[in-house]
Amino acid sequence: MKIKKFLYSQKVAPYVFVLPFILSFALFWIYPLCSTIMMSFQDVGPAGAEWVGLKNFSKLLKDTVFHTAIKNSMQYMLWTLVLLIPFPMAFAVLMDSRLVKAKGVWKAFLYLPALTSVVISGTLFRLMFSEYKTGQMNVIMAALGFGTFKWLKVKATGLMALLIVCCWRWTGVNMLYFLSGLKAIDGALYESAEIDGANAWQKFRYITIPLLKPTTIYVLTISVYAGLSMFMESYMLWAGPDSPNNIGLTIVGYLYKRGITKNQLGYGSAVGLVLLVMALIINIVQLVLNGTFKKEER
């Protein structure tokens, strides 16, 4: 009875409810992070771990393949920000308007790719961008009077293939985020603007975009992390971590290649730590520039 009374007390009950989250957070985030930091200063092998200090990080500074992986991941992230913020926002506004009928069907249709296995979708897109004549993209090129292309062996078309996979998979998800943000905007604002003679573009520019700022910042934040940590799409598109001249190599792909394939867990941990720091710095900078940490004036 004393234990039950203790657990149901107003002071203890809140901590009991949050305890599962705290335990899972400590077990699946804090502990792996601490282990990664520790291993990044070690040479981890089958026989044991040897402390090497900053050797892994100094090696990263001279690793040209790692530099290529950073460049590829940054390019991919920037393009995903360009494509996966304005277009889903526009689709959400269109979906929220009276112009679209059967909205539930369209929402389900656009969200369905996010439920598809990355392994299956990546394999299908690899076949689509095959360099052979039977590949769907080459069939289209042939119908237009062009020859066959080696889509996944050229930097520009390889990046294009990755972005197509990304947009196909995540446009619907981001659209739903923006739709939820639109539901929070008071419709009276649009009615007042319409009475004052504002057209559709003016309402979108002066009402929708400013009031969607919290949702936009959220989508921007998760898109930065998702762009820098992309791995499975590239892995499936090139059927492994290797690609011609490393055109599809990402930071996480390089981490997998060195840490898992070559069993260099210490070096792979250093790569992962650099990735975490990069993502944190980029997101902190964009959050500061967006005024997220500014105190509200009373």
# chains A, B, ... in the order shown; residues from 1 in each chain; ligands from 1
call {"tool": "select_by_dssp", "arguments": {"residues": "stretch 120-183 of chain A", "states": "helix (DSSP H, G or I)", "output": "PyMOL selection string"}}
result
chain A and resi 120-128+136-143+151-153+155-183
call {"tool": "closest_atom_pairs", "arguments": {"of": "stretch 31-79 of chain A", "to": "stretch 257-272 of chain A", "cutoff": "8 Å", "atoms": "only C-alpha atoms", "output": "CSV"}}
result
residue,atom,partner,partner_atom,distance
A:Thr36,CA,A:Ser269,CA,5.3
A:Ile37,CA,A:Ser269,CA,7.1
A:Met39,CA,A:Gly266,CA,4.9
A:Ser40,CA,A:Ala270,CA,4.5
A:Phe41,CA,A:Gly266,CA,6.8
A:Gln42,CA,A:Gly266,CA,5.3
A:Asp43,CA,A:Gly266,CA,5.0
A:Val44,CA,A:Gly266,CA,5.2
A:Gly45,CA,A:Gln264,CA,7.0
A:Asn56,CA,A:Tyr267,CA,5.5
A:Phe57,CA,A:Ala270,CA,6.4
A:Leu60,CA,A:Val271,CA,7.7
call {"tool": "closest_atom_pairs", "arguments": {"of": "stretch 175-211 of chain A", "to": "stretch 75-95 of chain A", "cutoff": "12 Å", "atoms": "only C-alpha atoms", "output": "Markdown table"}}
result
| residue | atom | partner | partner_atom | distance |
| --- | --- | --- | --- | --- |
| A:Met175 | CA | A:Pro88 | CA | 4.4 |
| A:Leu176 | CA | A:Ala92 | CA | 7.0 |
| A:Tyr177 | CA | A:Ala92 | CA | 8.5 |
| A:Phe178 | CA | A:Met89 | CA | 5.8 |
| A:Leu179 | CA | A:Ala92 | CA | 5.2 |
| A:Ser180 | CA | A:Ala92 | CA | 9.0 |
| A:Gly181 | CA | A:Ala92 | CA | 9.4 |
| A:Leu182 | CA | A:Val93 | CA | 7.6 |
| A:Lys183 | CA | A:Val93 | CA | 10.4 |
| A:Ile185 | CA | A:Val93 | CA | 11.8 |
| A:Ala200 | CA | A:Val93 | CA | 10.7 |
| A:Trp201 | CA | A:Val93 | CA | 11.3 |
| A:Lys203 | CA | A:Val93 | CA | 11.1 |
| A:Phe204 | CA | A:Val93 | CA | 8.5 |
| A:Arg205 | CA | A:Ala90 | CA | 11.6 |
| A:Ile207 | CA | A:Val93 | CA | 11.9 |
| A:Thr208 | CA | A:Val93 | CA | 8.6 |
| A:Ile209 | CA | A:Met89 | CA | 9.1 |
call {"tool": "select_by_dssp", "arguments": {"residues": "stretch 13-194 of chain A", "states": "strand (DSSP E or B)", "output": "ChimeraX atom specification"}}
result
/A:42-45,48-51
call {"tool": "atom_distance", "arguments": {"atom1": "atom CA of A:Glu50", "atom2": "atom CA of A:Leu273"}}
result
18.4 Å
call {"tool": "closest_residue", "arguments": {"among": "A:Ile247, A:Met74, A:Ile222, A:Leu289", "to": "A:Val154", "atoms": "only C-alpha atoms"}}
result
A:Ile247
call {"tool": "residues_around", "arguments": {"residues": "A:Tyr235", "least_positions_apart": "5", "cutoff": "8 Å", "atoms": "only C-alpha atoms", "output": "PyMOL selection string"}}
result
chain A and resi 240-241+253
call {"tool": "decode", "arguments": {"residues": "stretch 136-169 of chain A", "atoms": "C-alpha atoms", "output": "compact mmCIF listing (two decimals), in the first residue's frame"}}
result
# COMPACT_ATOMS: atom_id res chain seq x y z
CA GLN A 136 12.40 2.31 -68.32
CA MET A 137 14.33 5.57 -68.58
CA ASN A 138 16.22 4.34 -71.65
CA VAL A 139 12.96 3.12 -73.17
CA ILE A 140 11.61 6.67 -72.79
CA MET A 141 14.83 8.13 -74.24
CA ALA A 142 14.60 5.77 -77.20
CA ALA A 143 10.98 6.77 -77.80
CA LEU A 144 12.09 10.42 -77.87
CA GLY A 145 14.81 9.64 -80.41
CA PHE A 146 17.81 9.60 -78.03
CA GLY A 147 20.24 6.82 -77.33
CA THR A 148 20.79 4.88 -74.14
CA PHE A 149 22.40 6.51 -71.11
CA LYS A 150 24.48 5.11 -68.28
CA TRP A 151 22.37 6.90 -65.68
CA LEU A 152 24.06 5.55 -62.56
CA LYS A 153 27.61 5.92 -63.83
CA VAL A 154 27.54 9.71 -64.33
CA LYS A 155 27.61 12.18 -61.46
CA ALA A 156 24.78 14.46 -62.61
CA THR A 157 22.32 11.74 -63.59
CA GLY A 158 23.21 9.65 -60.54
CA LEU A 159 22.37 12.58 -58.25
CA MET A 160 19.19 13.13 -60.26
CA ALA A 161 18.18 9.50 -59.68
CA LEU A 162 18.77 9.86 -55.94
CA LEU A 163 16.68 13.04 -55.82
CA ILE A 164 13.85 11.40 -57.77
CA VAL A 165 13.79 8.54 -55.25
CA CYS A 166 13.84 11.05 -52.39
CA CYS A 167 11.03 13.21 -53.82
CA TRP A 168 8.93 10.16 -54.66
CA ARG A 169 9.30 8.88 -51.11
